[in-house]
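Let me begin by presenting the structure, written as structure tokens, before commenting on it.
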Amino acid sequence: MTGSILEVRGLARRFGGVVALAGLDLTVRRGTVTALIGPNGAGKSTAFQCISGVIKPDSGTVRFEGQDITGWRPDRITGAGLVRSFQIARGIPRLTVLENLLLYGQAQPGESVLTAFLGTAAQKRREEALREKARAIAGRLNLARVLDNPAAALSGGQKKLMEIGRALMADPKLLILDEPVAGVNPTLSAEIATHIAHLRDEGMTVLIVEHHMDFVASLCDPVIVMAEGRPLMEGSFEQVANDPRVQEAYMGRRAVHA
Amino acid sequence: MDAYLVAMLVFAGFYALMALGLNVIWGLTGMVNLGLVGFFGVGAYASALLTSKLAWPMPLGWAAGATIAALAGGIMALIVARLRGDYLAIVTLGFAEVIRLVASNEVWLTNGTDGISGIPGPWRGAVTPQQFNLIFLGIVWTAVAIAFYLLSRASHSPFGRVLRAIREDEDVAAVAGKPVLWFKVRAFVTGAAVLGMAGALYAHYNAFIAPEGFAPLLTIYIVLALTAGGVGSMRGAIIGAIFLITLIEGTRFLAAAVPGVTPVQKAALREGAIALTLILLLRFRPQGLIPERTRTKA
Ligand SMILES: Nc1ncnc2c1ncn2[C@@H]1O[C@H](COP(=O)(O)OP(=O)(O)OP(=O)(O)O)[C@@H](O)[C@H]1O
Ligand SMILES: [Mg+2]
């Protein structure tokens with residue numbers, strides 16, 4: 001199970017006059033936790049938007065497991081096993097944490113109108129299985145205590161955990177996380193790193209956008225740097241952190257504040 | 001007085017059905033629908049024409065009214081797929097007006113502004129008008145009960161969960177693996193079917209329909225009923241409909257009881273009282289009389 005799971009070639013996207021992506025190339029190898037870093041406005045979130053199908057790129061291709069998924073609807077991409085989180089935790093605030101997790105469950109026959117009217121046994125069985133799974137994921141991510149609280153009532157860190165938990169409900173082969181520890185305290189941040197390392201050890205591939213360099217250093221290999229919508233370089237964290245081009249891209253901001 | 005009360009309860013049933021239909025489209029899925037009277041009208045005309053011109057049996061006419069309205073709902077959902085908020089409101093409002101204009105102008109089919117009269121009613125003529133009202137009371141509220149039962153189930157099923165997710169954040173619902181457009185179509189079809197059924201029943205109760213009976217005011221009433229009852233709550237839809245009818249009719253007697261004012265002043269007093277009650281309700285209970293419960297059942 002080696003080789004690449006995700007290949008992005010020449011991805012371009014502009015918003016009016018702003019060029020967010022100007023030909024991004026990116027390869028994620030199977031079984032890695034790969035980081036995508038770059039200064040604010042480099043186009044990282046836009047890349048995630050295009051990869052996950054939430055917005056369409058102007059040009060370029062996205063291949064997932066060898067299949068061209070460019071321009072696919074987001075639900076199809078999720079169904080194929082590529083699941084993303086959102087940078088600003090976008091829980092469904094009025095639903096409980098449990099419902100948020102269940103929402104990401106796949107293959108629920110109760111999502112058809114007729115089955116929902118009838119409340120069939122198949123729907124109940126699937127719902128029970130999904131609830132079981134949601135409880136297991138919540139237990140793993142320390143969310144068990146808050147399962148029945150509305151998502152709006154979660155702390156910032158818990159919202160980040162819920163974002164990850166939801167994505168896991170969809171059985172991703174490739175999990176892409178946009179700033180999973182932004183605004184999270186160092187202890188929880190280290191915990192999240194441990195969770196992600198476990199997922200990798202279980203065979204999942206993870207692509208992470210993150211500004212916290214200690215987090216990236218401890219978890220991610222390789223690290224891909226992008227700036228102004230283009231790839232800049234790729235390497236181990238050490239290599240990247242010591243590269244003058246990278247330091248320049250961050251324009252005086254210390255590339256490493258670990 | 002008795003007859004009046006029964007007639008009001010029948011109308012409360014029509015309002016409740018419409019509020020239930022609207023609740024699927026707007027309450028659960030968050031798609032503003034200011035064209036609901038259009039679907040109500042489509043159901044009414046379809047059933048009236050099929051039963052009086054083609055002599056279809058009434059239950060078949062009602063089913064056809066619901067089906068054709070559902071079809072119109074599906075097409076509408078596809079047309080407005082990318083629209084939200086204000087734009088959706090304008091397009092749906094326009095749809096209802098188009099239906100009304102077609103009903104006014106396609107005289108060969110609809111008899112224009114003169115309307116269609118002599119629409120059959122169950123056992124009409126064979127029973128006294130009072131008995132007819134009672135029979136219809138039973139029919140309408142049976143329909144409300146069935147719609148309520150099915151829609152409550154759907155609302156607290158995985159299907160309802162997806163609709164709520166779409167209402168709150170479409171992108172999240174899509175990333176969760178749900179084909180958003182397809183769900184919107186299904187919500188619109190389901191809601192429009194209930195609206196169409198309400199229209200069909202109304203036509204056969206009233207025996208007469210004309211385009212002016214499908215003016216935007218009715219839409220506003222139903223939106224108010226659902227808002228008062230609790231947006232997203234199926235119970236709220238029914239309670240809100242009863243509440244609105246009680247408010248509209250109750251103030252009639254209240255205003256009449258006020259001494260020393262002219263009839264014009266009485267009418268103004270009545271409208272003022274309705275407005276004030278609704279404002280107070282929404283000020284102190286913005287979530288409605290029966291707030292939505294969002295949990296699904298295992
Ligand atoms: N929906 C949008 N409309 C207009 N401009 C946008 C939109 N989304 C992103 N942009 C612009 O595209 C550029 C890249 O934004 P993007 O969010 O991808 O950056 P980022 O690398 O994720 O930054 P950060 O690290 O701050 O999250 C920015 O200049 C941003 O203002
Ligand atoms: Mg970003």
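Identifiers for the structure tokens are assigned positionally: chains receive A, B, ... in sequence, residues are indexed from 1 per chain, and ligands are indexed from 1 in the order shown.
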
* Mind listing the residues within 10 Å of ligand 1, only C-alpha atoms and all ligand atoms counted, as a PyMOL selection string? -> chain A and resi 13-21+36-50+55+87-88+178-179+182+209-211+226-229

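Using only C-alpha atoms, the chain B residues found within 8 Å of chain A amount to Leu150, Leu151, Arg153, Ala154, Ser157, Pro158, Phe159, Gly160, Arg161, Val162, Ala165, Glu168, Asp169, Asp171, Val172, Ala173, Ala174, Val175, Ala176, Gly177, Lys178, Pro179, Arg186, Thr294, Arg295, Thr296 and Ala298 of chain B.
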
* For Gly250 in chain B, please output as a count of residues only all residues within 12 Å (counting only C-alpha atoms; exclusion window: fewer than 2 positions along the same chain). => 20

* Distance CA of Gly230 in chain B-CA of Pro291 in chain B, one decimal place? -> 5.0 Å

* Just asking: which residues within range 13-258 of chain A are alpha helix (DSSP H) according to DSSP, as a count of residues only? -> 96

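With CA of Thr70 in chain A on one side and CA of Leu175 in chain A on the other, the separation reads 17.3 Å.
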
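Summary of the local environment: counting only C-alpha atoms, residues at most 7 Å from range 192-206 of chain B, other than itself and those fewer than 5 positions away along its chain, are Phe14, Leu17, Met18, Gly21, Phe39, Phe40, Gly41, Val42, Gly43, Ala44, Ser47, Ala48, Trp62, Gly65, Ala66, Thr67, Ala69, Ala70, Gly73, Ile119, Pro120, Gly121 and Phe136 of chain B.
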
Those same residues, written as a short mmCIF file (atom, residue, chain, number, x, y, z; two decimals), in the first residue's frame with N, CA, C and O atoms?
data_model
loop_
_atom_site.label_atom_id
_atom_site.label_comp_id
_atom_site.auth_asym_id
_atom_site.auth_seq_id
_atom_site.Cartn_x
_atom_site.Cartn_y
_atom_site.Cartn_z
N PHE B 14 -57.68 23.03 7.33
CA PHE B 14 -56.98 23.42 6.10
C PHE B 14 -55.68 24.16 6.44
O PHE B 14 -54.62 23.89 5.85
N LEU B 17 -53.03 21.77 7.73
CA LEU B 17 -52.41 20.99 6.65
C LEU B 17 -51.38 21.85 5.91
O LEU B 17 -50.27 21.40 5.63
N MET B 18 -51.79 23.08 5.61
CA MET B 18 -50.86 23.95 4.88
C MET B 18 -49.63 24.26 5.72
O MET B 18 -48.50 24.26 5.20
N GLY B 21 -47.34 21.34 5.56
CA GLY B 21 -46.61 21.28 4.28
C GLY B 21 -45.49 22.31 4.24
O GLY B 21 -44.35 22.01 3.86
N PHE B 39 -49.26 26.18 -4.68
CA PHE B 39 -49.40 24.72 -4.62
C PHE B 39 -50.79 24.34 -4.13
O PHE B 39 -51.40 23.38 -4.62
N PHE B 40 -51.29 25.11 -3.17
CA PHE B 40 -52.65 24.93 -2.67
C PHE B 40 -53.63 25.09 -3.84
O PHE B 40 -54.53 24.27 -4.04
N GLY B 41 -53.41 26.12 -4.65
CA GLY B 41 -54.28 26.38 -5.80
C GLY B 41 -54.19 25.29 -6.85
O GLY B 41 -55.21 24.87 -7.41
N VAL B 42 -52.98 24.83 -7.12
CA VAL B 42 -52.80 23.76 -8.11
C VAL B 42 -53.59 22.53 -7.68
O VAL B 42 -54.30 21.92 -8.48
N GLY B 43 -53.49 22.18 -6.41
CA GLY B 43 -54.23 21.02 -5.89
C GLY B 43 -55.73 21.23 -6.01
O GLY B 43 -56.47 20.32 -6.41
N ALA B 44 -56.19 22.45 -5.69
CA ALA B 44 -57.62 22.75 -5.72
C ALA B 44 -58.15 22.66 -7.15
O ALA B 44 -59.16 21.98 -7.41
N SER B 47 -58.06 18.94 -8.69
CA SER B 47 -59.10 18.05 -8.21
C SER B 47 -60.48 18.52 -8.67
O SER B 47 -61.32 17.72 -9.08
N ALA B 48 -60.70 19.83 -8.63
CA ALA B 48 -62.00 20.36 -9.04
C ALA B 48 -62.28 20.02 -10.50
O ALA B 48 -63.37 19.57 -10.86
N TRP B 62 -58.54 14.00 -5.22
CA TRP B 62 -57.69 14.53 -4.14
C TRP B 62 -56.26 14.04 -4.31
O TRP B 62 -55.30 14.80 -4.19
N GLY B 65 -54.72 15.88 -7.07
CA GLY B 65 -54.38 17.25 -6.65
C GLY B 65 -53.05 17.27 -5.91
O GLY B 65 -52.17 18.10 -6.18
N ALA B 66 -52.89 16.32 -4.98
CA ALA B 66 -51.65 16.24 -4.22
C ALA B 66 -50.48 15.90 -5.14
O ALA B 66 -49.39 16.49 -5.03
N THR B 67 -50.70 14.97 -6.07
CA THR B 67 -49.61 14.52 -6.94
C THR B 67 -49.15 15.64 -7.88
O THR B 67 -47.95 15.85 -8.06
N ALA B 69 -49.52 18.87 -7.48
CA ALA B 69 -48.85 19.90 -6.69
C ALA B 69 -47.43 19.43 -6.35
O ALA B 69 -46.47 20.22 -6.38
N ALA B 70 -47.28 18.14 -6.03
CA ALA B 70 -45.96 17.60 -5.70
C ALA B 70 -45.02 17.73 -6.89
O ALA B 70 -43.85 18.10 -6.75
N GLY B 73 -43.94 21.12 -7.19
CA GLY B 73 -42.95 21.37 -6.15
C GLY B 73 -41.57 20.88 -6.56
O GLY B 73 -40.56 21.55 -6.34
N ILE B 119 -68.63 22.15 -7.56
CA ILE B 119 -67.66 21.07 -7.31
C ILE B 119 -68.30 20.09 -6.33
O ILE B 119 -68.84 20.50 -5.31
N PRO B 120 -68.29 18.80 -6.66
CA PRO B 120 -68.97 17.85 -5.77
C PRO B 120 -68.34 17.79 -4.39
O PRO B 120 -67.15 18.07 -4.23
N GLY B 121 -69.16 17.44 -3.41
CA GLY B 121 -68.66 17.26 -2.05
C GLY B 121 -69.22 15.96 -1.53
O GLY B 121 -70.29 15.53 -1.98
N PHE B 136 -67.22 16.75 6.78
CA PHE B 136 -65.97 17.32 6.27
C PHE B 136 -64.97 17.59 7.39
O PHE B 136 -63.75 17.46 7.21
#

* Structure fact -> In terms of only C-alpha atoms, the residue from B:Ile79, B:Ala210, B:Leu101, B:Ala145 at minimal distance from Tyr45 in chain B is B:Ala210

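One finds CA of Leu174 in chain A at 8.3 Å from CA of Leu6 in chain A.
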
* To do: Identify, on the basis of only C-alpha atoms, every residue whose closest approach to Arg9 in chain A does not exceed 8 Å; exclude the query and any residue fewer than 4 positions from it along the same chain; express the result as a ChimeraX atom specification.
  => /A:23-26,60-62

* Structure fact -> One residue among A:Ala152, A:Ala193, A:Leu177, A:Leu219 is nearest to ligand 2 when using only C-alpha atoms and all ligand atoms, and that residue is A:Leu177

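With only C-alpha atoms as the basis for measurement, A:Ile176 is the residue among A:Gly156, A:Val97, A:Gly3, A:Ile176 that approaches Ile51 in chain A most closely.
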
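Shortest separation to Asn105 in chain B among B:Leu289, B:Tyr149, B:Gly236, B:Pro211 occurs at residue B:Pro211, atoms counted being only C-alpha atoms.
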
Using the chain letters and numbers from this document, which residues of range 66-253 of chain A does DSSP assign to strand (DSSP E), as a PDB file with C-alpha atoms, in the first residue's frame?
ATOM      1  CA  GLN A  67      -9.509   8.411 -10.181  1.00  0.00           C
ATOM      2  CA  ASP A  68     -10.097  11.876 -11.577  1.00  0.00           C
ATOM      3  CA  LEU A  82     -11.986  11.688   0.916  1.00  0.00           C
ATOM      4  CA  VAL A  83     -13.400  13.633   3.843  1.00  0.00           C
ATOM      5  CA  ARG A  84     -12.446  17.146   4.910  1.00  0.00           C
ATOM      6  CA  LEU A 174      -7.903  10.278   3.260  1.00  0.00           C
ATOM      7  CA  LEU A 175      -8.769  12.743   5.989  1.00  0.00           C
ATOM      8  CA  ILE A 176      -8.003  16.375   5.271  1.00  0.00           C
ATOM      9  CA  LEU A 177      -8.032  18.746   8.223  1.00  0.00           C
ATOM     10  CA  ASP A 178      -7.950  22.527   7.946  1.00  0.00           C
ATOM     11  CA  THR A 205      -3.785   8.949   5.362  1.00  0.00           C
ATOM     12  CA  VAL A 206      -4.061  12.500   6.692  1.00  0.00           C
ATOM     13  CA  LEU A 207      -3.398  15.864   5.072  1.00  0.00           C
ATOM     14  CA  ILE A 208      -3.255  18.783   7.479  1.00  0.00           C
ATOM     15  CA  VAL A 209      -3.149  22.551   7.084  1.00  0.00           C
ATOM     16  CA  VAL A 223       5.774  19.011   4.973  1.00  0.00           C
ATOM     17  CA  ILE A 224       4.698  20.807   1.805  1.00  0.00           C
ATOM     18  CA  VAL A 225       5.059  24.566   1.710  1.00  0.00           C
ATOM     19  CA  MET A 226       2.981  26.740  -0.547  1.00  0.00           C
ATOM     20  CA  ALA A 227       2.916  30.486  -1.106  1.00  0.00           C
ATOM     21  CA  ARG A 230       1.869  27.730  -5.786  1.00  0.00           C
ATOM     22  CA  PRO A 231       3.971  24.979  -4.269  1.00  0.00           C
ATOM     23  CA  LEU A 232       7.257  26.241  -2.856  1.00  0.00           C
ATOM     24  CA  MET A 233       9.037  23.164  -1.566  1.00  0.00           C
ATOM     25  CA  GLU A 234       8.590  19.839   0.118  1.00  0.00           C
ATOM     26  CA  GLY A 235      10.686  17.980   2.655  1.00  0.00           C
TER      27      GLY A 235
END

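Using only C-alpha atoms, the shortest contact distance between Ala3 in chain B and any of B:Leu134, B:Ile68, B:Leu22, B:Leu50 is found at B:Leu134.
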